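Printed here is input02.cif (mmCIF, C-alpha atoms):
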```
data_data
#
loop_
_atom_site.label_atom_id
_atom_site.label_comp_id
_atom_site.auth_asym_id
_atom_site.auth_seq_id
_atom_site.Cartn_x
_atom_site.Cartn_y
_atom_site.Cartn_z
CA MET A 1 94.45 80.40 78.74
CA SER A 2 91.13 81.30 80.30
CA ARG A 3 90.34 84.93 81.12
CA SER A 4 90.71 84.37 84.85
CA SER A 5 94.08 82.62 84.44
CA LYS A 6 95.36 85.47 82.24
CA ILE A 7 94.36 88.08 84.82
CA TYR A 8 96.02 86.00 87.51
CA ALA A 9 99.24 85.49 85.47
CA TYR A 10 99.56 89.21 84.70
CA SER A 11 98.84 90.14 88.33
CA ILE A 12 101.51 87.79 89.70
CA SER A 13 103.96 89.03 87.06
CA ALA A 14 103.32 92.68 87.94
CA ILE A 15 103.69 92.08 91.68
CA GLY A 16 106.75 89.84 91.33
CA LEU A 17 108.63 92.05 88.86
CA SER A 18 107.89 95.18 90.89
CA LEU A 19 109.16 93.51 94.04
CA GLY A 20 112.21 92.20 92.18
CA LEU A 21 113.13 95.64 90.80
CA TYR A 22 112.73 97.19 94.24
CA CYS A 23 114.99 94.52 95.73
CA VAL A 24 117.64 95.04 93.04
CA PHE A 25 117.70 98.79 93.73
CA PHE A 26 117.66 98.40 97.50
CA ASN A 27 120.32 95.67 97.50
CA LEU A 28 122.74 97.61 95.29
CA LYS A 29 122.22 100.70 97.45
CA TYR A 30 122.91 98.61 100.56
CA ILE A 31 126.10 97.06 99.11
CA PHE A 32 127.66 100.34 97.98
CA THR A 33 126.98 102.06 101.27
CA ARG A 34 128.88 99.38 103.19
CA ALA A 35 132.37 99.96 104.51
CA ASN A 36 133.70 97.07 102.39
CA PRO A 37 131.46 96.72 99.31
CA ALA A 38 133.99 94.54 97.45
CA GLU A 39 133.48 91.65 99.89
CA GLU A 40 129.69 91.86 99.61
CA LEU A 41 129.88 92.06 95.81
CA ALA A 42 132.23 89.06 95.59
CA GLN A 43 129.90 86.98 97.75
CA PHE A 44 126.82 88.03 95.79
CA GLY A 45 128.62 87.54 92.46
CA LEU A 46 129.64 83.97 93.31
CA LEU A 47 126.08 83.09 94.34
CA TRP A 48 124.82 84.74 91.14
CA LEU A 49 127.19 82.58 89.05
CA LEU A 50 126.24 79.39 90.90
CA TYR A 51 122.56 80.20 90.50
CA ILE A 52 122.92 80.52 86.71
CA VAL A 53 124.82 77.22 86.53
CA CYS A 54 122.15 75.47 88.59
CA ARG A 55 119.31 76.91 86.48
CA CYS A 56 121.02 76.08 83.18
CA PHE A 57 121.42 72.37 83.98
CA PRO A 58 118.04 71.03 85.12
CA ILE A 59 117.41 67.29 85.22
CA TYR A 60 114.25 66.30 83.34
CA ILE A 61 112.57 63.36 85.03
CA ARG A 62 109.86 63.63 82.39
CA ASP A 63 108.79 66.33 79.93
CA ASP A 64 106.62 68.11 82.51
CA TYR A 65 108.78 67.50 85.58
CA ALA A 66 112.34 68.75 86.08
CA ILE A 67 114.52 69.29 89.11
CA ASP A 68 117.44 71.66 89.43
CA MET A 69 119.75 72.85 92.16
CA SER A 70 118.71 76.50 92.11
CA PHE A 71 117.01 76.26 95.53
CA ILE A 72 120.48 75.62 96.97
CA CYS A 73 121.59 79.08 95.85
CA ASN A 74 118.28 80.66 96.85
CA LEU A 75 118.57 79.38 100.42
CA ALA A 76 122.30 80.17 100.63
CA THR A 77 121.61 83.77 99.58
CA VAL A 78 118.81 84.11 102.14
CA LEU A 79 121.15 82.85 104.88
CA CYS A 80 124.11 84.98 103.78
CA GLN A 81 122.53 88.20 102.59
CA GLY A 82 118.82 88.12 103.39
CA PRO A 83 115.54 87.98 101.44
CA VAL A 84 116.08 91.25 99.54
CA ALA A 85 119.38 90.04 98.06
CA ALA A 86 117.87 86.64 97.25
CA ALA A 87 114.93 88.17 95.37
CA ALA A 88 117.28 90.57 93.54
CA MET A 89 119.49 87.67 92.46
CA VAL A 90 116.54 85.81 90.92
CA LEU A 91 115.58 88.83 88.81
CA ILE A 92 119.04 89.73 87.53
CA THR A 93 119.91 86.13 86.62
CA ALA A 94 116.71 85.54 84.61
CA PRO A 95 118.04 86.95 81.28
CA PHE A 96 121.09 84.68 81.44
CA VAL A 97 119.31 81.36 82.00
CA ILE A 98 119.55 78.99 79.01
CA GLU A 99 118.02 75.56 79.63
CA PRO A 100 118.13 72.47 77.41
CA SER A 101 114.65 71.70 76.07
CA PRO A 102 112.98 68.36 76.91
CA THR A 103 111.15 68.40 73.57
CA PRO A 104 112.61 68.23 70.04
CA ASP A 105 110.85 71.36 68.75
CA LYS A 106 113.65 73.55 70.10
CA LYS A 107 117.12 72.78 71.42
CA PHE A 108 117.30 75.37 74.20
CA ILE A 109 114.85 77.47 76.19
CA HIS A 110 115.72 81.13 76.91
CA ILE A 111 113.98 84.48 77.15
CA PHE A 112 114.22 85.11 73.40
CA ASN A 113 112.20 82.03 72.38
CA THR A 114 109.76 81.98 75.31
CA GLN A 115 106.53 83.97 75.58
CA PRO A 116 107.19 87.13 77.64
CA ILE A 117 104.27 86.45 79.97
CA LYS A 118 105.61 82.95 80.68
CA THR A 119 109.09 84.28 81.49
CA ALA A 120 107.63 87.09 83.61
CA PHE A 121 105.29 84.76 85.50
CA ASN A 122 107.95 82.11 86.22
CA THR A 123 110.50 84.71 87.32
CA SER A 124 107.94 86.50 89.49
CA ASN A 125 106.93 83.21 91.07
CA ILE A 126 110.49 82.53 92.22
CA VAL A 127 111.01 86.17 93.31
CA LEU A 128 107.91 86.01 95.52
CA SER A 129 108.73 82.53 96.81
CA VAL A 130 112.30 83.35 97.83
CA PHE A 131 111.33 86.71 99.34
CA ILE A 132 108.59 85.16 101.49
CA CYS A 133 110.94 82.30 102.34
CA GLY A 134 113.57 84.78 103.58
CA ALA A 135 111.03 86.94 105.42
CA LEU A 136 109.69 83.93 107.34
CA PHE A 137 113.25 82.87 108.12
CA GLU A 138 113.77 86.17 109.95
CA ILE A 139 110.27 86.24 111.49
CA THR A 140 110.76 82.80 113.07
CA GLY A 141 114.03 83.83 114.74
CA GLY A 142 116.61 83.29 112.01
CA LYS A 143 119.41 85.84 111.72
CA VAL A 144 121.20 86.53 108.45
CA LYS A 145 124.92 85.63 108.67
CA SER A 146 124.34 83.88 112.01
CA LEU A 147 124.12 80.20 111.13
CA ASN A 148 124.94 78.42 114.36
CA LEU A 149 123.15 75.16 115.08
CA PRO A 150 120.64 74.36 116.45
CA GLY A 151 119.34 77.95 116.47
CA VAL A 152 119.10 78.13 112.67
CA LEU A 153 117.34 74.77 112.37
CA ILE A 154 113.67 75.70 112.95
CA PRO A 155 113.80 78.97 110.93
CA GLY A 156 115.58 77.06 108.16
CA VAL A 157 112.90 74.37 108.02
CA VAL A 158 110.14 77.00 108.04
CA ALA A 159 111.86 78.91 105.22
CA THR A 160 112.33 75.74 103.17
CA LEU A 161 108.69 74.69 103.50
CA ALA A 162 107.53 78.24 102.80
CA PHE A 163 109.51 78.38 99.55
CA PHE A 164 108.01 75.10 98.39
CA LEU A 165 104.42 75.93 99.32
CA VAL A 166 104.47 79.44 97.83
CA ASN A 167 106.25 78.34 94.65
CA CYS A 168 103.96 75.36 94.03
CA GLY A 169 100.88 77.21 95.22
CA ILE A 170 101.32 80.10 92.77
CA LEU A 171 101.91 77.73 89.86
CA LEU A 172 99.16 75.25 90.70
CA LEU A 173 96.62 78.02 91.22
CA LEU A 174 97.31 79.09 87.63
CA PHE A 175 96.72 75.53 86.42
CA SER A 176 93.62 75.33 88.57
CA LEU A 177 92.19 78.48 86.98
CA ASP A 178 93.17 77.40 83.47
CA LYS A 179 92.63 73.64 83.46
CA LYS A 180 90.30 73.23 86.43
CA ILE A 181 92.62 70.81 88.24
CA PRO A 182 91.88 70.17 91.93
CA PHE A 183 94.17 72.66 93.72
CA PHE A 184 94.62 71.05 97.15
CA SER A 185 95.10 67.49 95.93
CA ALA A 186 97.65 68.78 93.39
CA ILE A 187 99.52 70.61 96.18
CA LEU A 188 99.60 67.42 98.24
CA LYS A 189 100.83 65.34 95.30
CA ASN A 190 103.58 67.85 94.46
CA PHE A 191 104.59 68.04 98.09
CA PHE A 192 105.46 64.34 98.14
CA GLU A 193 107.10 64.52 94.69
CA PHE A 194 109.34 67.50 95.43
CA LEU A 195 109.97 66.91 99.14
CA PRO A 196 113.02 64.62 98.63
CA ASN A 197 114.61 67.19 96.30
CA ILE A 198 113.96 70.08 98.69
CA ALA A 199 115.07 68.08 101.74
CA ALA A 200 118.35 67.15 100.03
CA SER A 201 118.98 70.69 98.71
CA ALA A 202 118.42 72.59 101.97
CA PRO A 203 121.48 71.21 103.87
CA ILE A 204 123.69 71.91 100.84
CA GLY A 205 122.43 75.49 100.76
CA TYR A 206 123.25 75.78 104.47
CA PHE A 207 126.82 74.52 103.97
CA ILE A 208 127.42 76.88 101.04
CA ALA A 209 126.25 79.81 103.16
CA LYS A 210 128.45 78.63 106.04
CA PHE A 211 131.48 78.40 103.74
CA LEU A 212 130.88 81.89 102.33
CA LEU A 213 130.98 83.37 105.82
CA MET A 214 134.45 81.88 106.41
CA ASP A 215 137.75 83.40 105.33
CA GLY A 216 138.53 82.11 101.85
CA GLY A 217 135.07 80.55 101.74
CA GLU A 218 134.61 81.32 98.04
CA TYR A 219 137.23 78.69 97.18
CA LEU A 220 135.60 76.17 99.50
CA VAL A 221 132.28 76.71 97.72
CA LEU A 222 133.85 76.07 94.32
CA LEU A 223 135.49 72.88 95.61
CA PHE A 224 132.20 71.81 97.19
CA MET A 225 130.32 72.26 93.92
CA LEU A 226 132.60 69.87 92.00
CA PRO A 227 131.35 66.63 93.64
CA LEU A 228 127.82 68.04 93.51
CA MET A 229 128.04 68.45 89.72
CA LEU A 230 129.56 64.96 89.48
CA ALA A 231 126.59 63.56 91.41
CA ARG A 232 124.27 65.37 89.01
CA TYR A 233 126.11 63.88 86.03
CA SER A 234 125.83 60.38 87.52
CA PHE A 235 122.10 60.85 88.06
CA VAL A 236 121.65 61.98 84.45
CA LEU A 237 123.46 58.85 83.28
CA TYR A 238 121.14 56.75 85.43
CA LEU A 239 118.08 58.44 83.90
CA ASP A 240 119.49 57.88 80.39
CA VAL A 241 119.95 54.17 81.09
CA LYS A 242 116.44 54.01 82.51
CA GLN A 243 114.98 55.76 79.46
CA ASN A 244 116.91 53.47 77.11
CA TYR A 245 115.50 50.46 78.96
CA TYR A 246 111.99 51.86 78.55
CA ASN A 247 112.61 52.52 74.84
CA MET A 248 113.88 48.96 74.37
CA VAL A 249 110.70 47.61 75.97
CA LYS A 250 108.61 49.72 73.57
CA THR A 251 110.69 48.60 70.59
CA LEU A 252 110.36 44.93 71.55
CA THR A 253 106.60 45.28 71.96
CA ALA A 254 106.25 47.08 68.63
CA ALA A 255 108.28 44.40 66.87
CA LEU A 256 106.06 41.65 68.27
CA GLU A 257 102.86 43.46 67.31
CA ALA A 258 104.01 44.41 63.81
CA LYS A 259 103.28 40.90 62.53
CA ASP A 260 99.58 41.35 63.33
CA GLU A 261 97.69 44.32 61.88
CA TYR A 262 94.90 43.79 64.41
CA THR A 263 97.06 44.17 67.51
CA GLU A 264 99.64 46.64 66.19
CA GLY A 265 99.94 49.50 68.69
CA HIS A 266 97.72 47.72 71.23
CA SER A 267 100.26 47.67 74.07
CA HIS A 268 101.21 51.30 73.54
CA ARG A 269 97.55 52.35 73.64
CA VAL A 270 96.98 50.29 76.78
CA GLU A 271 99.98 52.05 78.33
CA GLN A 272 98.49 55.46 77.49
CA TYR A 273 95.02 54.61 78.80
CA ALA A 274 96.39 52.99 81.96
CA GLU A 275 98.58 56.02 82.68
CA LYS A 276 95.61 58.38 82.34
CA ILE A 277 93.53 56.25 84.73
CA ALA A 278 96.43 56.00 87.19
CA ARG A 279 96.97 59.77 87.20
CA LYS A 280 93.24 60.32 87.69
CA MET A 281 93.45 58.01 90.73
CA HIS A 282 96.47 60.00 92.03
CA CYS A 283 98.83 57.03 91.95
CA SER A 284 102.44 57.76 92.88
CA SER A 285 105.06 58.35 90.18
CA PHE A 286 106.67 55.03 91.14
CA ASP A 287 103.38 53.14 90.67
CA ILE A 288 102.68 54.90 87.37
CA GLU A 289 106.09 53.89 86.08
CA ASN A 290 105.39 50.25 86.98
CA ILE A 291 101.97 50.44 85.33
CA LYS A 292 103.47 51.78 82.10
CA VAL A 293 106.11 49.05 81.88
CA ALA A 294 103.62 46.29 82.73
CA SER A 295 101.17 47.65 80.14
CA LEU A 296 103.79 47.45 77.42
CA LEU A 297 104.77 43.90 78.35
CA HIS A 298 101.39 42.46 79.39
CA ASP A 299 100.81 40.50 76.16
CA ILE A 300 104.37 39.49 75.36
CA GLY A 301 103.49 35.87 76.16
CA LYS A 302 101.35 35.73 73.02
CA ILE A 303 104.58 35.22 71.10
CA GLY A 304 104.33 31.64 72.34
CA ILE A 305 100.77 31.14 71.01
CA ASP A 306 100.15 29.73 67.54
CA ASP A 307 99.19 32.51 65.08
CA LYS A 308 96.37 30.34 63.76
CA ILE A 309 94.74 30.55 67.19
CA LEU A 310 95.53 34.22 67.79
CA ASN A 311 94.13 35.30 64.41
CA LYS A 312 91.27 32.84 64.15
CA PRO A 313 88.28 34.75 62.72
CA GLY A 314 85.60 32.65 64.42
CA GLN A 315 84.88 31.51 67.94
CA LEU A 316 87.62 29.60 69.75
CA THR A 317 87.13 26.02 70.83
CA PRO A 318 87.47 25.24 74.55
CA GLU A 319 90.91 23.75 73.84
CA GLU A 320 92.03 26.84 71.91
CA ARG A 321 90.71 29.15 74.63
CA ALA A 322 92.67 27.16 77.22
CA ILE A 323 95.82 27.70 75.15
CA ILE A 324 95.15 31.45 74.88
CA MET A 325 94.70 31.61 78.65
CA THR A 326 98.29 30.43 79.15
CA HIS A 327 99.81 33.63 77.75
CA PRO A 328 100.19 35.37 81.15
CA GLN A 329 102.31 32.46 82.44
CA ILE A 330 104.27 32.43 79.18
CA SER A 331 104.94 36.14 79.67
CA THR A 332 106.34 35.58 83.16
CA ASN A 333 108.49 32.69 81.90
CA ILE A 334 109.90 34.83 79.08
CA LEU A 335 110.70 37.64 81.53
CA LYS A 336 111.96 35.53 84.43
CA ASN A 337 115.60 36.46 83.81
CA VAL A 338 114.83 40.15 83.29
CA ARG A 339 115.24 42.45 86.28
CA LEU A 340 111.70 43.73 86.75
CA ASN A 341 109.92 45.14 89.76
CA LYS A 342 107.71 42.65 91.58
CA ALA A 343 104.68 44.86 90.94
CA VAL A 344 105.34 44.69 87.18
CA ARG A 345 105.52 40.89 87.26
CA THR A 346 102.30 40.73 89.30
CA ALA A 347 100.45 42.97 86.84
CA ILE A 348 101.63 40.97 83.83
CA LEU A 349 100.59 37.66 85.39
CA HIS A 350 97.19 38.82 86.65
CA HIS A 351 95.95 41.32 84.06
CA HIS A 352 93.14 38.92 83.08
CA GLU A 353 91.88 38.45 86.62
CA ARG A 354 88.40 39.74 87.42
CA TYR A 355 87.17 41.62 90.48
CA ASP A 356 84.64 38.89 91.23
CA GLY A 357 87.25 36.11 91.01
CA SER A 358 86.14 34.55 87.72
CA GLY A 359 89.26 35.54 85.79
CA TYR A 360 92.52 33.70 85.17
CA PRO A 361 95.10 32.29 85.84
CA ASP A 362 94.64 32.17 89.66
CA HIS A 363 91.00 33.30 90.11
CA THR A 364 92.02 36.06 92.51
CA LYS A 365 89.36 38.56 93.51
CA GLY A 366 88.80 41.87 95.24
CA ASP A 367 91.85 43.24 97.02
CA GLU A 368 93.87 40.04 96.70
CA ILE A 369 95.83 41.74 93.92
CA PRO A 370 96.98 45.39 93.74
CA LEU A 371 94.77 48.14 92.31
CA GLU A 372 97.35 48.71 89.56
CA VAL A 373 96.49 45.33 88.04
CA TYR A 374 92.83 46.34 87.67
CA ILE A 375 93.91 49.61 86.02
CA ILE A 376 95.78 47.71 83.31
CA ALA A 377 92.92 45.19 82.99
CA LEU A 378 90.37 47.93 82.26
CA ALA A 379 92.72 49.76 79.87
CA ASP A 380 93.31 46.46 78.06
CA ALA A 381 89.59 45.71 77.85
CA TYR A 382 88.82 49.24 76.61
CA ASP A 383 91.31 48.99 73.75
CA ALA A 384 90.01 45.53 72.84
CA MET A 385 86.42 46.82 72.72
CA THR A 386 87.33 49.84 70.56
CA SER A 387 89.54 47.93 68.10
CA ASN A 388 88.61 45.67 65.21
CA ARG A 389 89.77 42.10 65.79
CA PRO A 390 89.50 38.96 63.58
CA TYR A 391 86.85 37.55 65.89
CA CYS A 392 84.79 40.71 66.54
CA SER A 393 84.26 44.29 65.43
CA SER A 394 84.72 47.36 67.59
CA VAL A 395 81.78 48.70 69.58
CA SER A 396 80.54 52.27 69.94
CA MET A 397 81.55 54.51 72.82
CA ASP A 398 78.03 54.39 74.24
CA GLN A 399 78.24 50.58 74.30
CA VAL A 400 81.67 50.76 75.95
CA VAL A 401 80.30 52.95 78.75
CA THR A 402 77.30 50.67 79.21
CA ILE A 403 79.45 47.53 79.37
CA VAL A 404 81.96 49.06 81.77
CA LYS A 405 79.21 50.28 84.11
CA GLU A 406 77.50 46.89 84.03
CA GLU A 407 80.77 45.12 84.80
CA SER A 408 81.67 47.41 87.70
CA GLY A 409 82.12 45.12 90.70
CA LYS A 410 82.13 42.07 88.42
CA GLN A 411 84.94 42.18 85.86
CA PHE A 412 86.27 45.61 86.85
CA HIS A 413 87.19 47.27 90.13
CA PRO A 414 84.52 49.91 90.98
CA LYS A 415 87.10 52.59 91.86
CA VAL A 416 88.92 52.03 88.58
CA VAL A 417 85.63 52.27 86.68
CA SER A 418 84.87 55.64 88.29
CA ALA A 419 88.29 57.00 87.34
CA PHE A 420 88.03 55.56 83.83
CA LEU A 421 84.70 57.28 83.19
CA GLU A 422 86.24 60.59 84.32
CA VAL A 423 89.13 60.00 81.89
CA LEU A 424 86.65 59.45 79.03
CA GLN A 425 85.00 62.77 79.92
CA ASP A 426 88.38 64.54 79.98
CA MET A 427 89.15 63.03 76.54
CA GLY A 428 85.79 64.23 75.19
CA LYS A 429 84.71 60.67 74.44
CA VAL A 430 81.43 60.94 76.38
#
```

As structure tokens - that is how I would like this structure written.
Amino acid sequence: MSRSSKIYAYSISAIGLSLGLYCVFFNLKYIFTRANPAEELAQFGLLWLLYIVCRCFPIYIRDDYAIDMSFICNLATVLCQGPVAAAAMVLITAPFVIEPSPTPDKKFIHIFNTQPIKTAFNTSNIVLSVFICGALFEITGGKVKSLNLPGVLIPGVVATLAFFLVNCGILLLLFSLDKKIPFFSAILKNFFEFLPNIAASAPIGYFIAKFLLMDGGEYLVLLFMLPLMLARYSFVLYLDVKQNYYNMVKTLTAALEAKDEYTEGHSHRVEQYAEKIARKMHCSSFDIENIKVASLLHDIGKIGIDDKILNKPGQLTPEERAIIMTHPQISTNILKNVRLNKAVRTAILHHHERYDGSGYPDHTKGDEIPLEVYIIALADAYDAMTSNRPYCSSVSMDQVVTIVKEESGKQFHPKVVSAFLEVLQDMGKV
């Protein structure tokens, strides 16, 4: 971490933990001075238990992106007991959170195997987010324990957006200080990524709060959580199937490339380069997923090309070149019975097209094909230039940069070239 990011992390941790401790003290004092503290404790205890369950079972979309249902409990606590209770709950549940790890280096993540500053910063982030969320709920006209519609609607929306913006803002500012990422564009990207999760969670948090304010509402909440956990389980199964499909694609590609030492690992490298370019160009997660799959499968049609032509050490004859140029159509024929997104099929078929229209198979040009196709085309060309092949040796990085710049607007899309050159700088290649 840079010096500025360390100062920032420790400052947020100090502010968040101090606020959390104050809220714990004030909330306990409030509960035990009530006429019926048992009812308040039971309500708080149930939300505390649900919060731990939600935090302990996140769903990892990828290694750096997980969703959980903890915001449901955060919002429900704000609506039932106010921002002080919500912030207190975050702090006192932190030691009990045990999450499965997305990486194989450790099985679970908890406070005993996580750096103290990381635990403190993450906990403080949520404490501050939920407290500000609850404060704005009350400032905009919301009343704790009064959840009648439509009066609660606008304060609820304001509180939900506030939680998201504060939570993401605190985290992304740390990354901005440490890794120099563009803060505002990152906020915008995360807004669209997390918005569906937040929008789906907020109504559930409202219903849980509504149930808790009813007689016997604790039992209704427990019953309500059962189908919610079942939905989570079904989504995890869907992600497992999706990951297995992706792994099968990678295995198939590796098996095809293993017969040729010159192309072994080519598709995987193209996938990595294309993903970096796509992220630099702020493509959506959906588009990046399509790019990765298409990158892995883009050369699968070469299985139908004679090895003598593929591995020929000298120049190809016009007839042999014409045969090589059929591999995109062979790829689409091989995959015609496989359920693939249309964008993936388009990228596989057109990854040898050129921006000026002199490519193949259909001589498309400019914006006649999606930008994603040009991303894969440049990643493919880059790996070809930096790899030794039977018919040519690899070129230096300076030559790669010169060629790519010269071909901007000819073979390559100018916007993709700009992003690619930034990726090379990030990788320390230039």

| message | To one decimal place in Å, what is the distance between CA of Leu165 (chain A) and CA of Ile12 (chain A)? | response |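 According to the coordinates, CA of Leu165 (chain A) and CA of Ile12 (chain A) are separated by 15.5 Å.
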
For the atom pair CA of Ser285 (chain A) and CA of Lys410 (chain A), what is the interatomic distance in Å to one decimal place?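 Going from CA of Ser285 (chain A) over to CA of Lys410 (chain A), I get 28.2 Å.
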
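Going from CA of Gly134 (chain A) over to CA of Cys80 (chain A), you cover 10.5 Å.
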
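Applied to the shown file, the PyMOL selection byres ((chain A and resi 210-224) around 8) selects the residues Gln43, Leu46, Cys80, Lys145, Leu147, Tyr206, Phe207, Ile208, Ala209, Met225, Leu226, Pro227 and Leu228 of chain A.
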
Please evaluate the PyMOL selection byres ((chain A and resi 124-127) around 7) against the displayed coordinates and give the resulting residues as a PyMOL selection string. chain A and resi 12-13+16-17+20+87+90-91+120-123+128-131+167+170

task: Evaluate the PyMOL selection byres ((chain A and resi 359-374) around 9) and record the selected residues as a ChimeraX atom specification, following the chain and residue labels used in the document.
output: /A:274,278,283,287-288,290-291,294,325-326,328-329,343-344,346-358,375-379,409,411-413,415-416

Can you pull out the residues contacting region 156-163 of chain A? Cut-off 8 Å, using all atoms listed in the file, and skip same-chain residues under 3 positions away; I want them as a list in words.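 Non-adjacent residues within range: Leu75, Ser129, Val130, Ile132, Cys133, Gly134, Leu136, Phe137, Thr140, Gly142, Val152, Leu153, Val166, Asn167, Ile198 and Ala202 of chain A.
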
- Could you name the residues that touch Ile305 (chain A) at 8 Å or less, counting all atoms listed in the file, but leaving out those on the same chain fewer than 5 positions away, as a PyMOL selection string? chain A and resi 310+323-324+327

Using only C-alpha atoms, pick whichever of A:Gln115, A:Asn247, A:Gln272, A:Ser146 has the shortest atom-to-atom distance to Val423 (chain A).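 Result for the nearest residue to Val423 (chain A): A:Gln272.
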
Closest of A:Phe420, A:Ile111, A:Thr251, A:Arg232 to Tyr273 (chain A), counting all atoms listed in the file, is A:Phe420

Task: Residues near Ile334 (chain A), cut-off 10 Å, all atoms listed in the file, skip fewer than 3 positions along chain, as a ChimeraX atom specification - done: /A:300-301,303-304,328-331,337-338

* With distances taken over all atoms listed in the file, which of A:Val404, A:Ala88, A:Pro100, A:Glu40 is nearest to Leu19 (chain A)? ->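 For Leu19 (chain A), the nearest of the candidates is A:Ala88.
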
Using all atoms listed in the file for the distances, tell me which of A:Arg345, A:Glu39, A:Ile117, A:Ser284 is nearest to Ala14 (chain A).
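Ranking A:Arg345, A:Glu39, A:Ile117, A:Ser284 by distance to Ala14 (chain A), first place goes to A:Ile117.
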
Restricting to only C-alpha atoms, whichever of A:Tyr8, A:Ala419, A:Arg34, A:Thr402 is closest to Leu171 (chain A) is A:Tyr8

**Minimum-distance residue to Leu421 (chain A), chosen among A:Ser387, A:Glu320, A:Met281, A:Ser5 (using all atoms listed in the file)** =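 Between A:Ser387, A:Glu320, A:Met281, A:Ser5, the residue approaching Leu421 (chain A) most closely is A:Met281.
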